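Asks: Dropping a structure here in structure tokens format, bear with me for questions.
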Amino acid sequence: MKRIAKFEKVSKEQYLEAIEGLTGVDAVIGLDDLKLPQRMTIGSAGYDFFSPVGFTLHPGETVKFPTGVRVKMEKGWVLMCYPRSGLGFKYRLQLNNTVGIIDSDYYYAENEGHIWVKLTNDSKEGKDVKIHSGDAIIQGVFTEYGITVDDEEDGVRIGGFGSTGGMHE
């Protein structure tokens, strides 16, 4: 296996700023008690992220929260984040952006590369989803990628979400 990345906690200042004013959550874990993402078995491809917040989502409801985590990875790699299989299967719990893409240069963004999660309970069976702080909530899989032979990009990331442009509102 290639060892290409390392998970870290964001600074205490970044975490406190991120959790200030959160709505729709019942409890918040302090940064010191936050668990870094980990694989649960030797054959697991995904690293489970643990929710720093507790919440209940009724069908159609959405919650957005910071993970307290960032990741430093080698160039040429990306972290792709998905709902944990069981939560998606049982409750249709979905990431609002379908698949979260964490680029290697996101680590250097102004927000320290702080990874956020936005989930929606898309249950068609009327099921509530109850998540306790500390529960495994999403999984991240590292994937190597390539670029085109004529790629000449030399831009440098400064901001976080949507900072690289490409879309007009």
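Residues are referred to by chain and number: the chain letter is A, B, ... according to the order shown in the structure tokens, the number counts from 1 in that chain, and ligands are numbered separately from 1 in the order shown.
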Find the spatial neighbours of segment 56-67 of chain A, counting only C-alpha atoms, within a cut-off of 9 Å - ignore same-chain residues fewer than 4 positions away - and output them as JSON, numbers by chain.
Replies: {"A": [9, 15, 18, 19, 22, 23, 24, 25, 26, 34, 49, 50, 51, 52, 91, 96, 114, 115, 116, 117, 118, 119, 120, 121, 122, 123, 124, 125, 126, 127, 128, 129, 130, 131, 132]}
Asks: Next, write the just-selected residues to a file, as a CSV table (one decimal), in the first residue's frame, keeping N, CA and C atoms as the atom set.
Replies:
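Done, and the output landed in part_30.csv:
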```
chain,number,residue,atom,x,y,z
A,9,LYS,N,-5.8,17.4,13.1
A,9,LYS,CA,-6.8,18.2,13.6
A,9,LYS,C,-6.5,19.7,13.2
A,15,TYR,N,-11.3,25.6,14.8
A,15,TYR,CA,-12.4,24.7,15.2
A,15,TYR,C,-13.5,25.5,16.0
A,18,ALA,N,-15.4,27.6,13.7
A,18,ALA,CA,-16.3,26.8,12.8
A,18,ALA,C,-17.6,26.3,13.6
A,19,ILE,N,-17.4,26.0,14.9
A,19,ILE,CA,-18.6,25.5,15.6
A,19,ILE,C,-19.5,26.6,16.2
A,22,LEU,N,-23.4,27.1,15.2
A,22,LEU,CA,-24.0,25.9,14.6
A,22,LEU,C,-25.4,25.8,15.0
A,23,THR,N,-26.3,25.4,14.0
A,23,THR,CA,-27.7,25.2,14.3
A,23,THR,C,-28.1,23.8,14.0
A,24,GLY,N,-29.1,23.3,14.7
A,24,GLY,CA,-29.6,22.0,14.4
A,24,GLY,C,-28.8,20.8,15.0
A,25,VAL,N,-27.9,21.1,15.9
A,25,VAL,CA,-27.1,20.1,16.6
A,25,VAL,C,-27.5,20.0,18.1
A,26,ASP,N,-27.3,18.9,18.7
A,26,ASP,CA,-27.6,18.7,20.1
A,26,ASP,C,-26.4,18.8,21.0
A,34,LEU,N,-11.8,14.8,19.9
A,34,LEU,CA,-12.1,14.4,18.5
A,34,LEU,C,-11.2,13.3,18.0
A,49,PHE,N,-14.9,9.0,9.2
A,49,PHE,CA,-14.8,10.2,9.9
A,49,PHE,C,-15.9,10.2,11.0
A,50,PHE,N,-15.5,10.7,12.1
A,50,PHE,CA,-16.4,10.7,13.3
A,50,PHE,C,-17.0,12.0,13.5
A,51,SER,N,-18.3,12.0,13.7
A,51,SER,CA,-19.1,13.3,13.8
A,51,SER,C,-18.7,14.0,15.2
A,52,PRO,N,-18.3,15.3,15.1
A,52,PRO,CA,-18.1,16.0,16.3
A,52,PRO,C,-19.4,16.5,17.0
A,91,TYR,N,-31.1,4.7,5.5
A,91,TYR,CA,-31.8,6.0,5.7
A,91,TYR,C,-31.8,6.9,4.5
A,96,ASN,N,-24.7,16.4,0.4
A,96,ASN,CA,-25.4,17.3,-0.5
A,96,ASN,C,-24.6,17.5,-1.8
A,114,HIS,N,-10.0,22.8,6.5
A,114,HIS,CA,-11.0,22.2,7.4
A,114,HIS,C,-12.1,21.5,6.6
A,115,ILE,N,-12.3,20.2,6.7
A,115,ILE,CA,-13.3,19.5,6.0
A,115,ILE,C,-14.6,19.6,6.7
A,116,TRP,N,-15.6,20.0,5.9
A,116,TRP,CA,-17.0,20.1,6.4
A,116,TRP,C,-17.9,19.1,5.8
A,117,VAL,N,-19.0,18.8,6.4
A,117,VAL,CA,-20.0,17.8,5.9
A,117,VAL,C,-21.3,18.5,5.9
A,118,LYS,N,-22.1,18.3,4.8
A,118,LYS,CA,-23.5,18.7,4.7
A,118,LYS,C,-24.3,17.5,4.3
A,119,LEU,N,-25.2,17.1,5.2
A,119,LEU,CA,-26.0,15.8,4.9
A,119,LEU,C,-27.4,16.1,4.9
A,120,THR,N,-28.1,15.3,4.1
A,120,THR,CA,-29.6,15.4,4.0
A,120,THR,C,-30.2,14.0,4.2
A,121,ASN,N,-31.2,14.0,5.0
A,121,ASN,CA,-32.0,12.7,5.2
A,121,ASN,C,-33.0,12.7,4.1
A,122,ASP,N,-32.7,11.9,3.1
A,122,ASP,CA,-33.6,11.8,1.9
A,122,ASP,C,-34.5,10.5,2.0
A,123,SER,N,-34.8,10.1,3.2
A,123,SER,CA,-35.6,8.9,3.4
A,123,SER,C,-37.0,9.1,2.7
A,124,LYS,N,-37.4,8.0,2.0
A,124,LYS,CA,-38.7,8.0,1.4
A,124,LYS,C,-39.7,7.2,2.3
A,125,GLU,N,-39.1,6.6,3.4
A,125,GLU,CA,-39.9,5.8,4.3
A,125,GLU,C,-40.3,6.5,5.6
A,126,GLY,N,-40.0,7.8,5.7
A,126,GLY,CA,-40.3,8.5,6.9
A,126,GLY,C,-39.4,8.2,8.1
A,127,LYS,N,-38.2,7.8,7.8
A,127,LYS,CA,-37.3,7.4,8.9
A,127,LYS,C,-36.4,8.6,9.4
A,128,ASP,N,-36.4,8.8,10.7
A,128,ASP,CA,-35.5,9.8,11.3
A,128,ASP,C,-34.1,9.2,11.4
A,129,VAL,N,-33.1,10.0,11.3
A,129,VAL,CA,-31.7,9.6,11.5
A,129,VAL,C,-31.2,10.2,12.7
A,130,LYS,N,-30.7,9.4,13.7
A,130,LYS,CA,-30.2,10.0,15.0
A,130,LYS,C,-28.7,9.7,15.0
A,131,ILE,N,-27.9,10.7,15.0
A,131,ILE,CA,-26.4,10.5,15.1
A,131,ILE,C,-26.0,11.1,16.4
A,132,HIS,N,-25.1,10.4,17.1
A,132,HIS,CA,-24.5,10.8,18.4
A,132,HIS,C,-23.2,11.4,18.1
```
Asks: Select from chain A everything DSSP, run on the backbone, classes as strand (DSSP E or B), then give the selection as a ChimeraX atom specification.
Replies: /A:5-9,27-28,38,47-50,53-57,62-66,69-73,77-83,93-95,100-103,116-121,129-131,136-144
Asks: Closest to Tyr107 of chain A among A:Lys6, A:Arg84, A:Lys35, A:Lys12, using only C-alpha atoms?
Replies: A:Lys6
Asks: For Pro83 of chain A, work out the shell of residues within 10 Å, counting only C-alpha atoms and skipping chain neighbours fewer than 5 positions away, then give it as a ChimeraX atom specification.
Replies: /A:48-49,88-89,92-95,98-100,117,119,136-140
Asks: Return the single residue from A:Glu20, A:Asp103, A:Lys90, A:Val141 that is closest to Pro37 of chain A, with distances computed using only C-alpha atoms.
Replies: A:Val141
Asks: Out of segment 57-133 of chain A, which residues get alpha helix (DSSP H) from DSSP, as a PyMOL selection string?
Replies: chain A and resi 85-91
Asks: Hey, can you spit out that residue selection with C-alpha atoms as a PDB file, in the first residue's frame?
Replies:
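Listed below is the output, result.pdb:
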```
ATOM      1  CA  SER A  85     -22.721   2.583   3.279  1.00  0.00           C
ATOM      2  CA  GLY A  86     -25.036   1.542   6.124  1.00  0.00           C
ATOM      3  CA  LEU A  87     -26.371   5.061   6.660  1.00  0.00           C
ATOM      4  CA  GLY A  88     -27.010   5.529   2.960  1.00  0.00           C
ATOM      5  CA  PHE A  89     -28.648   2.116   2.623  1.00  0.00           C
ATOM      6  CA  LYS A  90     -30.837   2.279   5.749  1.00  0.00           C
ATOM      7  CA  TYR A  91     -31.794   5.968   5.694  1.00  0.00           C
TER       8      TYR A  91
END
```
Asks: Write out as a PyMOL selection string the residues lying within 12 Å of Thr143 of chain A, counting only C-alpha atoms and excluding same-chain residues fewer than 3 positions away.
Replies: chain A and resi 2-5+45-46+73-81+101-104+140+146
Asks: Hey, which of A:Val71, A:Glu144, A:Glu153, A:Val53 ends up closest to Ala27 of chain A? Count only C-alpha atoms.
Replies: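 Under the stated criterion, the closest residue is A:Val53.
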